[in-house]
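Novice: For reference, this is structure_3.txt, and it has compact mmCIF, N, CA and C atoms.
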```
# COMPACT_ATOMS: atom_id res chain seq x y z
N MET A 1 276.81 118.95 178.69
CA MET A 1 276.81 118.03 177.57
C MET A 1 276.03 116.78 177.96
N GLN A 2 275.24 116.29 177.04
CA GLN A 2 274.45 115.10 177.31
C GLN A 2 275.27 113.85 177.02
N PHE A 3 275.33 112.96 177.99
CA PHE A 3 276.12 111.75 177.84
C PHE A 3 275.47 110.76 176.87
N SER A 4 274.15 110.87 176.66
CA SER A 4 273.49 109.93 175.75
C SER A 4 273.98 110.12 174.31
N LYS A 5 274.43 111.32 173.98
CA LYS A 5 274.96 111.55 172.63
C LYS A 5 276.27 110.80 172.42
N ILE A 6 276.95 110.46 173.49
CA ILE A 6 278.20 109.70 173.40
C ILE A 6 277.96 108.23 173.70
N LEU A 7 277.13 107.95 174.71
CA LEU A 7 276.94 106.58 175.16
C LEU A 7 276.22 105.69 174.16
N VAL A 8 275.22 106.21 173.45
CA VAL A 8 274.47 105.38 172.50
C VAL A 8 275.36 104.90 171.35
N PRO A 9 276.11 105.77 170.67
CA PRO A 9 277.01 105.27 169.63
C PRO A 9 278.11 104.36 170.19
N LEU A 10 278.61 104.70 171.38
CA LEU A 10 279.64 103.87 171.99
C LEU A 10 279.09 102.48 172.32
N ALA A 11 277.86 102.40 172.82
CA ALA A 11 277.23 101.11 173.11
C ALA A 11 277.04 100.31 171.83
N GLY A 12 276.67 100.98 170.74
CA GLY A 12 276.54 100.29 169.45
C GLY A 12 277.85 99.70 168.99
N LEU A 13 278.94 100.45 169.15
CA LEU A 13 280.25 99.94 168.77
C LEU A 13 280.69 98.76 169.64
N VAL A 14 280.38 98.84 170.94
CA VAL A 14 280.73 97.75 171.85
C VAL A 14 279.97 96.49 171.48
N VAL A 15 278.66 96.62 171.23
CA VAL A 15 277.86 95.45 170.85
C VAL A 15 278.36 94.88 169.52
N LEU A 16 278.73 95.74 168.59
CA LEU A 16 279.26 95.30 167.31
C LEU A 16 280.59 94.54 167.51
N ALA A 17 281.45 95.07 168.37
CA ALA A 17 282.74 94.41 168.63
C ALA A 17 282.55 93.07 169.32
N VAL A 18 281.62 92.99 170.28
CA VAL A 18 281.36 91.73 170.97
C VAL A 18 280.78 90.70 170.01
N ALA A 19 279.88 91.13 169.15
CA ALA A 19 279.30 90.21 168.16
C ALA A 19 280.38 89.68 167.22
N PHE A 20 281.31 90.53 166.80
CA PHE A 20 282.39 90.08 165.93
C PHE A 20 283.31 89.11 166.67
N ARG A 21 283.61 89.41 167.92
CA ARG A 21 284.51 88.55 168.69
C ARG A 21 283.90 87.17 168.94
N GLU A 22 282.60 87.14 169.23
CA GLU A 22 281.95 85.87 169.58
C GLU A 22 281.51 85.06 168.35
N TYR A 23 281.03 85.75 167.31
CA TYR A 23 280.44 85.03 166.18
C TYR A 23 281.13 85.33 164.84
N GLY A 24 282.13 86.16 164.86
CA GLY A 24 282.84 86.47 163.61
C GLY A 24 282.05 87.43 162.74
N TRP A 25 282.33 87.36 161.43
CA TRP A 25 281.67 88.26 160.48
C TRP A 25 280.16 88.08 160.42
N PRO A 26 279.61 86.86 160.51
CA PRO A 26 278.14 86.76 160.50
C PRO A 26 277.49 87.49 161.69
N GLY A 27 278.09 87.42 162.86
CA GLY A 27 277.56 88.14 164.03
C GLY A 27 277.64 89.64 163.85
N ALA A 28 278.79 90.11 163.32
CA ALA A 28 278.95 91.54 163.08
C ALA A 28 277.96 92.03 162.03
N ALA A 29 277.72 91.21 161.00
CA ALA A 29 276.76 91.60 159.96
C ALA A 29 275.35 91.68 160.53
N LEU A 30 274.98 90.74 161.40
CA LEU A 30 273.65 90.75 162.01
C LEU A 30 273.46 91.98 162.89
N VAL A 31 274.41 92.25 163.76
CA VAL A 31 274.31 93.41 164.65
C VAL A 31 274.39 94.71 163.84
N GLY A 32 275.27 94.76 162.85
CA GLY A 32 275.36 95.95 161.99
C GLY A 32 274.06 96.20 161.25
N GLY A 33 273.43 95.13 160.77
CA GLY A 33 272.13 95.28 160.11
C GLY A 33 271.06 95.79 161.05
N GLY A 34 271.10 95.34 162.31
CA GLY A 34 270.15 95.84 163.31
C GLY A 34 270.36 97.31 163.62
N ILE A 35 271.62 97.72 163.71
CA ILE A 35 271.92 99.13 163.98
C ILE A 35 271.47 100.00 162.81
N VAL A 36 271.73 99.54 161.59
CA VAL A 36 271.30 100.31 160.41
C VAL A 36 269.78 100.39 160.36
N MET A 37 269.08 99.30 160.67
CA MET A 37 267.62 99.31 160.67
C MET A 37 267.08 100.30 161.71
N TRP A 38 267.68 100.30 162.89
CA TRP A 38 267.28 101.23 163.95
C TRP A 38 267.47 102.68 163.48
N ALA A 39 268.60 102.97 162.86
CA ALA A 39 268.86 104.32 162.36
C ALA A 39 267.88 104.70 161.26
N LEU A 40 267.58 103.78 160.37
CA LEU A 40 266.62 104.07 159.29
C LEU A 40 265.22 104.32 159.82
N LEU A 41 264.82 103.62 160.85
CA LEU A 41 263.52 103.86 161.46
C LEU A 41 263.43 105.27 162.03
N HIS A 42 264.48 105.72 162.70
CA HIS A 42 264.48 107.07 163.25
C HIS A 42 264.50 108.14 162.15
N ILE A 43 265.26 107.91 161.10
CA ILE A 43 265.29 108.86 160.00
C ILE A 43 263.94 108.92 159.29
N THR A 44 263.30 107.77 159.13
CA THR A 44 261.98 107.74 158.50
C THR A 44 260.97 108.51 159.33
N ARG A 45 261.01 108.35 160.66
CA ARG A 45 260.08 109.09 161.52
C ARG A 45 260.33 110.59 161.42
N LEU A 46 261.59 110.98 161.43
CA LEU A 46 261.93 112.40 161.30
C LEU A 46 261.43 112.97 159.99
N MET A 47 261.65 112.26 158.89
CA MET A 47 261.22 112.75 157.58
C MET A 47 259.69 112.82 157.49
N THR A 48 258.98 111.86 158.08
CA THR A 48 257.52 111.88 158.06
C THR A 48 256.99 113.09 158.83
N VAL A 49 257.54 113.35 160.00
CA VAL A 49 257.10 114.50 160.80
C VAL A 49 257.38 115.80 160.05
N MET A 50 258.54 115.91 159.45
CA MET A 50 258.89 117.14 158.72
C MET A 50 258.03 117.33 157.46
N ARG A 51 257.70 116.24 156.78
CA ARG A 51 256.85 116.33 155.59
C ARG A 51 255.46 116.83 155.97
N ARG A 52 254.91 116.32 157.08
CA ARG A 52 253.59 116.77 157.54
C ARG A 52 253.64 118.22 157.98
N ALA A 53 254.71 118.63 158.63
CA ALA A 53 254.84 120.00 159.10
C ALA A 53 255.04 120.98 157.94
N ALA A 54 255.57 120.52 156.84
CA ALA A 54 255.82 121.39 155.69
C ALA A 54 254.51 121.84 155.03
N ASP A 55 253.44 121.10 155.25
CA ASP A 55 252.16 121.43 154.63
C ASP A 55 251.34 122.43 155.43
N ARG A 56 251.82 122.85 156.59
CA ARG A 56 251.07 123.77 157.46
C ARG A 56 251.84 125.06 157.63
N PRO A 57 251.14 126.16 157.94
CA PRO A 57 251.84 127.42 158.21
C PRO A 57 252.68 127.32 159.49
N ILE A 58 253.76 128.06 159.54
CA ILE A 58 254.62 128.05 160.73
C ILE A 58 253.88 128.66 161.90
N GLY A 59 253.90 127.95 163.03
CA GLY A 59 253.30 128.46 164.25
C GLY A 59 251.80 128.30 164.34
N TYR A 60 251.19 127.48 163.48
CA TYR A 60 249.74 127.31 163.51
C TYR A 60 249.39 125.94 164.09
N VAL A 61 248.37 125.91 164.93
CA VAL A 61 247.85 124.66 165.48
C VAL A 61 246.32 124.76 165.45
N GLY A 62 245.65 123.63 165.29
CA GLY A 62 244.19 123.63 165.22
C GLY A 62 243.56 124.19 166.48
N SER A 63 244.03 123.80 167.65
CA SER A 63 243.50 124.28 168.93
C SER A 63 244.63 124.40 169.94
N ALA A 64 244.89 125.62 170.37
CA ALA A 64 245.95 125.85 171.35
C ALA A 64 245.57 125.25 172.70
N VAL A 65 244.28 125.23 173.02
CA VAL A 65 243.83 124.66 174.29
C VAL A 65 244.09 123.15 174.32
N MET A 66 243.81 122.47 173.22
CA MET A 66 244.07 121.03 173.16
C MET A 66 245.57 120.73 173.20
N LEU A 67 246.36 121.56 172.54
CA LEU A 67 247.81 121.39 172.61
C LEU A 67 248.29 121.55 174.05
N ASN A 68 247.78 122.55 174.74
CA ASN A 68 248.14 122.77 176.14
C ASN A 68 247.81 121.54 176.99
N ALA A 69 246.69 120.90 176.72
CA ALA A 69 246.28 119.73 177.51
C ALA A 69 247.15 118.51 177.20
N LYS A 70 247.67 118.40 175.99
CA LYS A 70 248.46 117.23 175.59
C LYS A 70 249.94 117.32 175.95
N LEU A 71 250.45 118.51 176.21
CA LEU A 71 251.88 118.67 176.48
C LEU A 71 252.27 118.05 177.81
N LYS A 72 253.46 117.48 177.83
CA LYS A 72 254.03 116.88 179.03
C LYS A 72 255.48 117.33 179.15
N PRO A 73 255.97 117.48 180.37
CA PRO A 73 257.37 117.91 180.52
C PRO A 73 258.34 116.85 179.99
N ARG A 74 259.49 117.33 179.55
CA ARG A 74 260.62 116.51 179.09
C ARG A 74 260.43 115.85 177.73
N VAL A 75 259.34 116.15 177.00
CA VAL A 75 259.24 115.61 175.64
C VAL A 75 260.13 116.45 174.74
N ASN A 76 260.59 115.86 173.64
CA ASN A 76 261.50 116.61 172.78
C ASN A 76 260.73 117.44 171.75
N LEU A 77 261.45 118.33 171.10
CA LEU A 77 260.84 119.24 170.14
C LEU A 77 260.21 118.49 168.97
N LEU A 78 260.83 117.41 168.54
CA LEU A 78 260.27 116.63 167.44
C LEU A 78 258.91 116.06 167.81
N HIS A 79 258.73 115.65 169.06
CA HIS A 79 257.45 115.12 169.51
C HIS A 79 256.37 116.21 169.48
N VAL A 80 256.72 117.42 169.89
CA VAL A 80 255.75 118.53 169.87
C VAL A 80 255.40 118.89 168.44
N VAL A 81 256.39 118.91 167.55
CA VAL A 81 256.12 119.19 166.13
C VAL A 81 255.23 118.10 165.55
N ALA A 82 255.43 116.85 165.95
CA ALA A 82 254.57 115.76 165.47
C ALA A 82 253.13 115.94 165.98
N MET A 83 252.96 116.41 167.21
CA MET A 83 251.61 116.63 167.75
C MET A 83 250.89 117.77 167.05
N THR A 84 251.61 118.85 166.78
CA THR A 84 250.99 120.03 166.18
C THR A 84 250.93 119.95 164.66
N ARG A 85 251.77 119.08 164.09
CA ARG A 85 251.92 118.97 162.63
C ARG A 85 252.32 120.31 162.00
N ALA A 86 253.04 121.12 162.76
CA ALA A 86 253.53 122.40 162.26
C ALA A 86 254.77 122.80 163.04
N LEU A 87 255.70 123.46 162.36
CA LEU A 87 256.86 124.01 163.05
C LEU A 87 256.40 125.19 163.89
N GLY A 88 257.02 125.38 165.04
CA GLY A 88 256.67 126.51 165.89
C GLY A 88 257.32 127.79 165.42
N GLU A 89 256.70 128.90 165.77
CA GLU A 89 257.27 130.22 165.48
C GLU A 89 258.33 130.49 166.54
N ARG A 90 259.57 130.61 166.11
CA ARG A 90 260.67 130.79 167.07
C ARG A 90 260.68 132.22 167.59
N LEU A 91 260.71 132.37 168.92
CA LEU A 91 260.70 133.68 169.54
C LEU A 91 262.06 134.11 170.06
N THR A 92 262.99 133.17 170.20
CA THR A 92 264.33 133.50 170.68
C THR A 92 265.28 133.61 169.49
N PRO A 93 266.23 134.52 169.56
CA PRO A 93 267.16 134.68 168.44
C PRO A 93 268.25 133.61 168.42
N GLY A 94 268.66 133.22 167.23
CA GLY A 94 269.82 132.35 167.03
C GLY A 94 269.80 131.06 167.81
N GLU A 95 270.96 130.73 168.37
CA GLU A 95 271.14 129.48 169.11
C GLU A 95 271.04 129.70 170.61
N GLN A 96 270.33 130.72 171.02
CA GLN A 96 270.20 131.04 172.44
C GLN A 96 269.41 129.97 173.17
N GLN A 97 269.87 129.59 174.37
CA GLN A 97 269.16 128.64 175.23
C GLN A 97 268.55 129.41 176.39
N PRO A 98 267.38 129.12 176.85
CA PRO A 98 266.42 128.17 176.32
C PRO A 98 265.73 128.72 175.07
N GLU A 99 265.24 127.81 174.25
CA GLU A 99 264.54 128.18 173.03
C GLU A 99 263.05 128.29 173.34
N VAL A 100 262.41 129.32 172.80
CA VAL A 100 260.98 129.52 173.00
C VAL A 100 260.29 129.51 171.65
N TYR A 101 259.26 128.67 171.52
CA TYR A 101 258.47 128.57 170.30
C TYR A 101 257.01 128.85 170.63
N ARG A 102 256.28 129.37 169.64
CA ARG A 102 254.87 129.69 169.84
C ARG A 102 254.03 129.00 168.76
N TRP A 103 252.92 128.43 169.21
CA TRP A 103 251.90 127.90 168.32
C TRP A 103 250.60 128.61 168.64
N ARG A 104 249.92 129.15 167.62
CA ARG A 104 248.66 129.87 167.84
C ARG A 104 247.56 129.25 167.00
N ASP A 105 246.31 129.49 167.41
CA ASP A 105 245.17 128.99 166.65
C ASP A 105 244.40 130.16 166.06
N LYS A 106 243.33 129.84 165.31
CA LYS A 106 242.59 130.91 164.62
C LYS A 106 241.79 131.78 165.57
N GLY A 107 241.57 131.32 166.80
CA GLY A 107 240.81 132.10 167.78
C GLY A 107 241.64 133.13 168.52
N GLY A 108 242.94 133.15 168.30
CA GLY A 108 243.82 134.11 168.96
C GLY A 108 244.53 133.56 170.18
N SER A 109 244.20 132.35 170.61
CA SER A 109 244.91 131.72 171.72
C SER A 109 246.26 131.23 171.22
N TYR A 110 247.22 131.19 172.13
CA TYR A 110 248.53 130.65 171.75
C TYR A 110 249.20 129.99 172.94
N VAL A 111 250.13 129.08 172.61
CA VAL A 111 250.91 128.37 173.61
C VAL A 111 252.38 128.69 173.35
N ASP A 112 253.04 129.19 174.38
CA ASP A 112 254.48 129.43 174.32
C ASP A 112 255.18 128.26 175.01
N CYS A 113 256.06 127.57 174.29
CA CYS A 113 256.77 126.41 174.81
C CYS A 113 258.25 126.74 174.95
N THR A 114 258.81 126.43 176.10
CA THR A 114 260.22 126.68 176.37
C THR A 114 260.96 125.35 176.37
N PHE A 115 262.00 125.26 175.54
CA PHE A 115 262.80 124.04 175.41
C PHE A 115 264.22 124.33 175.87
N GLN A 116 264.72 123.47 176.74
CA GLN A 116 266.12 123.55 177.17
C GLN A 116 266.82 122.32 176.62
N ASP A 117 267.81 122.51 175.76
CA ASP A 117 268.54 121.42 175.11
C ASP A 117 267.59 120.47 174.38
N GLY A 118 266.57 121.02 173.74
CA GLY A 118 265.65 120.22 172.93
C GLY A 118 264.54 119.54 173.70
N ARG A 119 264.46 119.73 175.01
CA ARG A 119 263.43 119.11 175.85
C ARG A 119 262.50 120.19 176.41
N LEU A 120 261.20 119.89 176.43
CA LEU A 120 260.21 120.84 176.93
C LEU A 120 260.33 120.98 178.45
N VAL A 121 260.54 122.20 178.92
CA VAL A 121 260.65 122.43 180.35
C VAL A 121 259.43 123.16 180.91
N GLU A 122 258.81 124.03 180.10
CA GLU A 122 257.60 124.71 180.55
C GLU A 122 256.81 125.20 179.35
N TRP A 123 255.53 125.42 179.57
CA TRP A 123 254.67 125.95 178.54
C TRP A 123 253.59 126.79 179.20
N ARG A 124 253.04 127.73 178.42
CA ARG A 124 252.04 128.66 178.95
C ARG A 124 250.99 128.92 177.88
N LEU A 125 249.73 128.71 178.26
CA LEU A 125 248.61 129.00 177.37
C LEU A 125 248.14 130.42 177.64
N THR A 126 247.95 131.18 176.58
CA THR A 126 247.42 132.54 176.68
C THR A 126 246.20 132.63 175.78
N ARG A 127 245.09 133.08 176.38
CA ARG A 127 243.85 133.23 175.62
C ARG A 127 243.55 134.70 175.46
N PRO A 128 242.90 135.08 174.36
CA PRO A 128 242.57 136.49 174.17
C PRO A 128 241.49 136.91 175.18
N PRO A 129 241.46 138.19 175.54
CA PRO A 129 240.42 138.64 176.48
C PRO A 129 239.04 138.47 175.86
N ALA A 130 238.07 138.09 176.69
CA ALA A 130 236.69 137.91 176.21
C ALA A 130 236.11 139.27 175.85
N PRO A 131 235.34 139.35 174.77
CA PRO A 131 234.71 140.63 174.41
C PRO A 131 233.68 141.05 175.46
N ALA A 132 233.47 142.34 175.60
CA ALA A 132 232.51 142.86 176.58
C ALA A 132 231.11 142.35 176.26
N GLY A 133 230.41 141.92 177.30
CA GLY A 133 229.04 141.43 177.11
C GLY A 133 228.96 139.98 176.69
N ALA A 134 230.10 139.29 176.64
CA ALA A 134 230.10 137.89 176.21
C ALA A 134 229.82 136.93 177.36
N ASP A 135 229.68 137.46 178.59
CA ASP A 135 229.45 136.59 179.73
C ASP A 135 227.98 136.23 179.92
N GLY A 136 227.14 136.61 179.02
CA GLY A 136 225.72 136.25 179.07
C GLY A 136 224.85 137.30 179.73
N ALA A 137 225.45 138.39 180.23
CA ALA A 137 224.66 139.46 180.85
C ALA A 137 224.00 140.32 179.77
N PRO A 138 222.79 140.80 180.05
CA PRO A 138 222.10 141.63 179.04
C PRO A 138 222.70 142.99 178.84
```
Spell out the structure here as structure tokens.
Specialist:
Amino acid sequence: MQFSKILVPLAGLVVLAVAFREYGWPGAALVGGGIVMWALLHITRLMTVMRRAADRPIGYVGSAVMLNAKLKPRVNLLHVVAMTRALGERLTPGEQQPEVYRWRDKGGSYVDCTFQDGRLVEWRLTRPPAPAGADGAP
């Protein structure tokens, strides 16, 4: 279990309680307004990413090679969806961990991304085999 899922809301409540104790209702209103603004910013980012992804086919990316170059370990799934502007094609069934998603391009290349608890742990670029005679030989 990730402690940040518990610690962040708990820290917000502690800051809210300290603001109320030190400054009364005006302090609690100020801190509460800051917490609500922070939550609205995150919800707005989530909705923007999902709206952009809704306009693209599932599992499609403009260039799998460029996606492979931009990926970094430990980024979350939302960040990868924002980079590709498309939802990945899920390769693992149900709620099984780790989750594997695939993004492919029109050239046949694809990137398989493995996420553990929503964080990218590994990825692999696969390119289609080159056609015979494509190496420049007569």
Novice: Just how far from atom C of Gln116 (chain A) is atom C of His79 (chain A), in Å to one decimal?
Specialist: 14.1 Å
Novice: Kindly indicate which residue among A:Leu78, A:Asn68, A:Arg85, A:Ile43 lies nearest to Arg124 (chain A), using all atoms listed in the file for the distances.
Specialist: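 Among the listed residues, A:Asn68 lies closest to Arg124 (chain A).
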Novice: What lies within 6 Å of region 92-109 of chain A using only N, CA and C atoms, ignoring chain neighbours under 6 positions off, as number ranges by chain?
Specialist: A: 59-64, 115-117, 126-128
Novice: Report the residues of chain A whose backbone DSSP state falls under strand (DSSP E), written as a ChimeraX atom specification.
Specialist: /A:89-90,99-104,110-116,119-126
Novice: Hey, can you check how far atom N of Val75 (chain A) sits from atom N of Glu122 (chain A)?
Specialist: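 It comes out at 8.5 Å.
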Novice: So the first atom is atom N of Ile35 (chain A) and the second is atom N of Val15 (chain A); what is the distance between them in Å, to one decimal place?
Specialist: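 One can read the atom N of Ile35 (chain A) to atom N of Val15 (chain A) distance as 10.4 Å.
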Novice: Can you work out which one of A:Glu22, A:Val121, A:Pro131, A:Leu40 has the shortest atom-to-atom distance to Lys72 (chain A), counting all atoms listed in the file?
Specialist: A:Val121
Novice: Select from chain A everything DSSP, run on the backbone, classes as alpha helix (DSSP H), then give the selection as a ChimeraX atom specification.
Specialist: /A:4-54,64-70,77-84
Novice: Which residue out of A:Val14, A:Leu7, A:Val80, A:Ala86 has the minimum interatomic distance to Ala54 (chain A) when only N, CA and C atoms are used?
Specialist: A:Ala86
Novice: Using all atoms listed in the file, find the one residue out of A:Leu87, A:Val31, A:Val36, A:Val111 that sits nearest to Arg56 (chain A).
Specialist: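 Distance minimum relative to Arg56 (chain A) lands on A:Leu87.
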Novice: For Arg52 (chain A), which residue among A:Ser4, A:Pro9, A:Ala39, A:Ala82 is the nearest when counting only N, CA and C atoms?
Specialist: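 Closest to Arg52 (chain A), using only N, CA and C atoms: A:Ala82.
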